[in-house]
Structure formats: structure tokens, C-alpha cells
Amino acid sequence: MHYTQDESYYLLDVQGDDPCVYLGIRTGTDPDEMICALKEAQAGGRPFPAERYVNRIPVKKHDHVLIPAGTVHCFGADTMVLEISATPYIFTFKLWDRGRLDLDGRPRPIHIDHGAANIQWHRDTEWVRQNLVNAVTLIHQAENGTVERTGLHEREFLDTYRVSTSTELPIRRNGSVHMLNLVEGACALLVSEDGLFDSMELHYAETCIVPEAAGAYRIQSNDGTRVRAVIACVRG
């Protein structure tokens, strides 16, 4: 394929004392040693010691972690993530299945060799922290709300923006379809500026599609509490 699977994790919510995601290769990791450990775990040996080879990144609600293709990744326990992906799931290569067995009591088939051929080993601890964790840029700030660019990485063809308002905020179109997910607030209202579609409610964690043909629109809070939405669109 001439394109790859680039994605990201937006943290909708977290619980527990130390929620995390796993992202990129720890600095100093020996690739051969890591692949041997994965194959040993898949053969029924010692469980794969993920934290020895993969960066464990502490996260909190509303963090955004970028995952360009070739980056080892996994979300940890006690996290609820919104996964924003550029292509279907067929491009994901599983490296470790956490010891889960099939109906015959054997490890389920996974993709260690394919995964090993695609891992970007230079994405180590320093590179990940500098490039992939909360790369947020403020785009617009006014009394009626804010717009922040939260990614994606420069290699990816999607952009993501977080819009926040306690009143109402016009959304700028860029020639692309918009995929919205409400990441804070019980409910927000999407209103067409030109009456091209009926006003619609978007509830927490729901996703909706706003085609380019739907024209200009705004997002508004019904009760004066803050609402936040993440918008994914094709980079212009």
C-alpha cells in the first residue's frame, strides 16, 4: 500500500493512581533482544516485560498522544481512549497478546515478524517525549472560547483540533469533512450558520460527521457549562 496507518490516542478519561500508555522504544533497547523476548512469550515462555523495552508514559484526561506508523504502542489499564486513525485496522501488527489463548489452549496467532519489519527503532524515549506527547498549539483564544491544534504528527495527513466554549463558537471550514467527538460536557449543540441542516445534539463521547457540503456551523453550550470537542479533518 502507498499509505500507512497513522493514528493517535485522545484520553477521554482515566482512573486509578497511575494511568499510562506505552509508546515507542526505550532508549538503549537492543532490537534482537526485544524480538527474542516477544517470541519467547508467544511460545508460552515468560511474559513479555513490556516496561523493559517500551516507554511507559503517564497520562491524564485530555492528553493527546500521537502514533505515526511504525511506532510501538498500547494503552494501559484504567484509560478510556478515543482512537483517531487514518486507515482501517488491517495495518495493525500485534506483537504481544498478553498470554491469551485460543479455544485449543494455544497462544493466538499474532504478527511478530511483520511487526518487527515495521518498527521504527529510532523512536526512542527522547524522540517520543519531544514529538508525540501533547504537541498542542493555541490557534484562537477569545471570550467565546478557544481552538487548539492537538496534532497530528507532521508525517500524517490528518489534523486534529480541540474546540472549547461555554457559550458558542464558530467552526472554521478547511475544505474537508469534519469528524467530531464530544470529549467534555454532557451535551453540545451543532448549529448550521446557513440553515443547511437541522440543529443536532452531540452527547459525551459521541462521534458525528459534518460533510464539507454542510457549510459553516457553530458549536454551542446549552447551559453555560464548558463543552469541548475534538475535530479530525484532512490536512489542507
# chains A, B, ... in the order shown; residues from 1 in each chain; ligands from 1
>>> select_by_dssp(residues="segment 58-219 of chain A", states="strand (DSSP E or B)", output="PyMOL selection string")
chain A and resi 58+64-67+73-75+79-85+101+107+133+137-142+145-151+158-165+168-171+178-184+187-192+200-204+207-210+217-219
>>> residues_around(residues="segment 209-217 of chain A", least_positions_apart="4", cutoff="9 Å", atoms="only C-alpha atoms", output="list in words")
Leu169, Pro170, Ile171, Arg172, Arg173, Asn174, Gly175, Ser176, Val177, His178, Met179, Leu180, Leu190, Val191, Ser192, Glu193, Asp194, Leu196 and Phe197 of chain A
>>> write_last_selection(atoms="all heavy atoms", output="compact mmCIF listing (two decimals), in the first residue's frame")
# COMPACT_ATOMS: atom_id res chain seq x y z
N LEU A 169 -19.27 28.93 19.58
CA LEU A 169 -18.02 29.17 18.88
C LEU A 169 -18.17 28.75 17.43
O LEU A 169 -18.49 27.59 17.14
CB LEU A 169 -16.90 28.37 19.55
CG LEU A 169 -15.47 28.61 19.06
CD1 LEU A 169 -15.00 30.02 19.47
CD2 LEU A 169 -14.53 27.56 19.65
N PRO A 170 -17.95 29.69 16.47
CA PRO A 170 -17.98 29.30 15.05
C PRO A 170 -16.82 28.36 14.73
O PRO A 170 -15.72 28.53 15.25
CB PRO A 170 -17.83 30.64 14.32
CG PRO A 170 -18.12 31.70 15.33
CD PRO A 170 -17.72 31.13 16.66
N ILE A 171 -17.06 27.38 13.88
CA ILE A 171 -16.05 26.43 13.47
C ILE A 171 -15.61 26.75 12.04
O ILE A 171 -16.44 26.80 11.12
CB ILE A 171 -16.57 24.98 13.54
CG1 ILE A 171 -17.12 24.68 14.93
CG2 ILE A 171 -15.46 24.01 13.15
CD1 ILE A 171 -16.11 24.82 16.05
N ARG A 172 -14.32 26.96 11.85
CA ARG A 172 -13.80 27.30 10.53
C ARG A 172 -13.71 26.04 9.67
O ARG A 172 -13.21 25.01 10.11
CB ARG A 172 -12.41 27.94 10.65
CG ARG A 172 -11.85 28.45 9.34
CD ARG A 172 -10.48 29.06 9.53
NE ARG A 172 -9.47 28.05 9.77
CZ ARG A 172 -8.83 27.38 8.80
NH1 ARG A 172 -9.11 27.61 7.53
NH2 ARG A 172 -7.91 26.47 9.11
N ARG A 173 -14.21 26.12 8.44
CA ARG A 173 -14.10 25.01 7.49
C ARG A 173 -12.78 25.13 6.72
O ARG A 173 -12.27 26.23 6.50
CB ARG A 173 -15.27 25.01 6.50
CG ARG A 173 -16.66 24.89 7.12
CD ARG A 173 -16.79 23.74 8.10
NE ARG A 173 -16.50 22.43 7.56
CZ ARG A 173 -17.43 21.52 7.24
NH1 ARG A 173 -18.71 21.79 7.42
NH2 ARG A 173 -17.08 20.33 6.80
N ASN A 174 -12.27 23.98 6.29
CA ASN A 174 -10.98 23.99 5.59
C ASN A 174 -11.02 23.14 4.32
O ASN A 174 -10.00 22.66 3.85
CB ASN A 174 -9.88 23.45 6.52
CG ASN A 174 -10.06 21.98 6.85
OD1 ASN A 174 -11.19 21.48 6.82
ND2 ASN A 174 -8.97 21.29 7.16
N GLY A 175 -12.23 22.93 3.78
CA GLY A 175 -12.36 22.14 2.58
C GLY A 175 -12.44 20.65 2.83
O GLY A 175 -12.41 19.86 1.89
N SER A 176 -12.55 20.23 4.08
CA SER A 176 -12.55 18.81 4.43
C SER A 176 -13.79 18.46 5.23
O SER A 176 -14.40 19.30 5.88
CB SER A 176 -11.31 18.49 5.27
OG SER A 176 -11.42 17.23 5.90
N VAL A 177 -14.16 17.17 5.16
CA VAL A 177 -15.14 16.64 6.10
C VAL A 177 -14.60 16.81 7.52
O VAL A 177 -13.39 16.79 7.74
CB VAL A 177 -15.41 15.14 5.79
CG1 VAL A 177 -14.16 14.32 5.96
CG2 VAL A 177 -16.53 14.60 6.67
N HIS A 178 -15.49 17.03 8.48
CA HIS A 178 -15.13 17.11 9.89
C HIS A 178 -15.71 15.91 10.63
O HIS A 178 -16.88 15.59 10.48
CB HIS A 178 -15.67 18.40 10.53
CG HIS A 178 -14.90 19.62 10.18
ND1 HIS A 178 -15.17 20.85 10.72
CD2 HIS A 178 -13.85 19.81 9.34
CE1 HIS A 178 -14.33 21.74 10.24
NE2 HIS A 178 -13.53 21.12 9.38
N MET A 179 -14.86 15.25 11.43
CA MET A 179 -15.30 14.19 12.34
C MET A 179 -15.21 14.75 13.75
O MET A 179 -14.11 15.08 14.21
CB MET A 179 -14.42 12.96 12.21
CG MET A 179 -14.45 12.31 10.83
SD MET A 179 -15.95 11.37 10.52
CE MET A 179 -15.79 10.04 11.70
N LEU A 180 -16.34 14.90 14.43
CA LEU A 180 -16.38 15.49 15.77
C LEU A 180 -16.65 14.43 16.82
O LEU A 180 -17.48 13.53 16.61
CB LEU A 180 -17.47 16.56 15.88
CG LEU A 180 -17.19 17.94 15.31
CD1 LEU A 180 -17.41 17.96 13.81
CD2 LEU A 180 -18.06 18.99 15.99
N LEU A 190 -24.88 21.48 17.71
CA LEU A 190 -24.27 21.88 16.44
C LEU A 190 -25.33 22.59 15.62
O LEU A 190 -26.41 22.05 15.37
CB LEU A 190 -23.73 20.67 15.68
CG LEU A 190 -22.70 19.80 16.41
CD1 LEU A 190 -22.23 18.66 15.49
CD2 LEU A 190 -21.51 20.63 16.87
N VAL A 191 -25.00 23.81 15.22
CA VAL A 191 -25.98 24.68 14.56
C VAL A 191 -25.43 25.16 13.22
O VAL A 191 -24.32 25.69 13.16
CB VAL A 191 -26.33 25.90 15.44
CG1 VAL A 191 -27.36 26.79 14.74
CG2 VAL A 191 -26.83 25.46 16.81
N SER A 192 -26.18 24.97 12.15
CA SER A 192 -25.80 25.45 10.82
C SER A 192 -25.92 26.96 10.76
O SER A 192 -26.94 27.53 11.19
CB SER A 192 -26.68 24.80 9.75
OG SER A 192 -26.47 25.42 8.49
N GLU A 193 -24.90 27.62 10.22
CA GLU A 193 -24.96 29.08 10.09
C GLU A 193 -25.91 29.50 8.97
O GLU A 193 -26.42 30.62 8.97
CB GLU A 193 -23.56 29.64 9.80
CG GLU A 193 -22.53 29.37 10.89
CD GLU A 193 -22.73 30.24 12.12
OE1 GLU A 193 -23.77 30.90 12.24
OE2 GLU A 193 -21.83 30.24 12.98
N ASP A 194 -26.16 28.62 8.00
CA ASP A 194 -26.97 28.96 6.83
C ASP A 194 -28.24 28.11 6.73
O ASP A 194 -28.90 28.11 5.68
CB ASP A 194 -26.14 28.79 5.55
CG ASP A 194 -24.87 29.63 5.56
OD1 ASP A 194 -24.97 30.83 5.85
OD2 ASP A 194 -23.78 29.07 5.32
N LEU A 196 -28.52 24.88 6.56
CA LEU A 196 -28.38 23.75 5.64
C LEU A 196 -28.66 22.41 6.31
O LEU A 196 -28.85 21.41 5.63
CB LEU A 196 -26.99 23.75 5.01
CG LEU A 196 -26.66 24.95 4.12
CD1 LEU A 196 -25.26 24.83 3.54
CD2 LEU A 196 -27.70 25.09 3.00
N PHE A 197 -28.64 22.37 7.63
CA PHE A 197 -29.04 21.16 8.34
C PHE A 197 -29.71 21.54 9.64
O PHE A 197 -29.49 22.63 10.18
CB PHE A 197 -27.85 20.22 8.59
CG PHE A 197 -26.75 20.78 9.46
CD1 PHE A 197 -26.81 20.68 10.85
CD2 PHE A 197 -25.65 21.41 8.89
CE1 PHE A 197 -25.79 21.18 11.66
CE2 PHE A 197 -24.64 21.92 9.69
CZ PHE A 197 -24.70 21.81 11.07
>>> residues_around(residues="Gly185 of chain A", least_positions_apart="5", cutoff="10 Å", atoms="only C-alpha atoms", output="list in words")
Ser166, Leu202, His203, Tyr204, Ala205, Ser221, Thr225, Arg226, Val227, Arg228 and Ala229 of chain A
>>> atom_distance(atom1="atom CA of Asn118 of chain A", atom2="atom CA of Leu82 of chain A")
23.9 Å
>>> residues_around(residues="segment 68-75 of chain A", least_positions_apart="5", cutoff="9 Å", atoms="only C-alpha atoms", output="ChimeraX atom specification")
/A:4-9,20-25,54-55,80-81,95,115,118-121,123,132,152-156
>>> residues_around(residues="Ile139 of chain A", least_positions_apart="6", cutoff="12 Å", atoms="only C-alpha atoms", output="PyMOL selection string")
chain A and resi 145-150+160-164+172
>>> write_last_selection(atoms="N, CA and C atoms", output="PDB file, in the first residue's frame")
ATOM      1  N   GLY A 145     -14.337  31.416  23.505  1.00  0.00           N
ATOM      2  CA  GLY A 145     -13.760  30.079  23.528  1.00  0.00           C
ATOM      3  C   GLY A 145     -12.369  30.011  22.933  1.00  0.00           C
ATOM      4  N   THR A 146     -11.865  28.796  22.799  1.00  0.00           N
ATOM      5  CA  THR A 146     -10.511  28.578  22.290  1.00  0.00           C
ATOM      6  C   THR A 146     -10.527  27.466  21.227  1.00  0.00           C
ATOM      7  N   VAL A 147      -9.514  27.532  20.363  1.00  0.00           N
ATOM      8  CA  VAL A 147      -9.245  26.476  19.393  1.00  0.00           C
ATOM      9  C   VAL A 147      -7.774  26.113  19.511  1.00  0.00           C
ATOM     10  N   GLU A 148      -7.486  24.815  19.714  1.00  0.00           N
ATOM     11  CA  GLU A 148      -6.112  24.340  19.825  1.00  0.00           C
ATOM     12  C   GLU A 148      -5.874  23.256  18.786  1.00  0.00           C
ATOM     13  N   ARG A 149      -4.705  23.296  18.177  1.00  0.00           N
ATOM     14  CA  ARG A 149      -4.288  22.195  17.311  1.00  0.00           C
ATOM     15  C   ARG A 149      -3.573  21.179  18.195  1.00  0.00           C
ATOM     16  N   THR A 150      -4.072  19.957  18.213  1.00  0.00           N
ATOM     17  CA  THR A 150      -3.500  18.944  19.107  1.00  0.00           C
ATOM     18  C   THR A 150      -2.677  17.902  18.354  1.00  0.00           C
ATOM     19  N   THR A 160      -5.904  17.406  13.850  1.00  0.00           N
ATOM     20  CA  THR A 160      -6.907  17.361  14.908  1.00  0.00           C
ATOM     21  C   THR A 160      -6.900  18.673  15.669  1.00  0.00           C
ATOM     22  N   TYR A 161      -8.089  19.142  15.992  1.00  0.00           N
ATOM     23  CA  TYR A 161      -8.266  20.394  16.718  1.00  0.00           C
ATOM     24  C   TYR A 161      -9.214  20.163  17.886  1.00  0.00           C
ATOM     25  N   ARG A 162      -8.947  20.858  19.000  1.00  0.00           N
ATOM     26  CA  ARG A 162      -9.830  20.811  20.167  1.00  0.00           C
ATOM     27  C   ARG A 162     -10.469  22.187  20.317  1.00  0.00           C
ATOM     28  N   VAL A 163     -11.796  22.230  20.302  1.00  0.00           N
ATOM     29  CA  VAL A 163     -12.518  23.486  20.462  1.00  0.00           C
ATOM     30  C   VAL A 163     -13.224  23.478  21.810  1.00  0.00           C
ATOM     31  N   SER A 164     -13.185  24.616  22.500  1.00  0.00           N
ATOM     32  CA  SER A 164     -13.781  24.733  23.837  1.00  0.00           C
ATOM     33  C   SER A 164     -14.607  26.000  23.899  1.00  0.00           C
ATOM     34  N   ARG A 172     -14.321  26.958  11.852  1.00  0.00           N
ATOM     35  CA  ARG A 172     -13.802  27.295  10.532  1.00  0.00           C
ATOM     36  C   ARG A 172     -13.715  26.042   9.670  1.00  0.00           C
TER      37      ARG A 172
END
>>> closest_residue(among="A:Arg100, A:Gly224, A:Ala37, A:Glu51", to="Thr125 of chain A", atoms="only C-alpha atoms")
A:Glu51
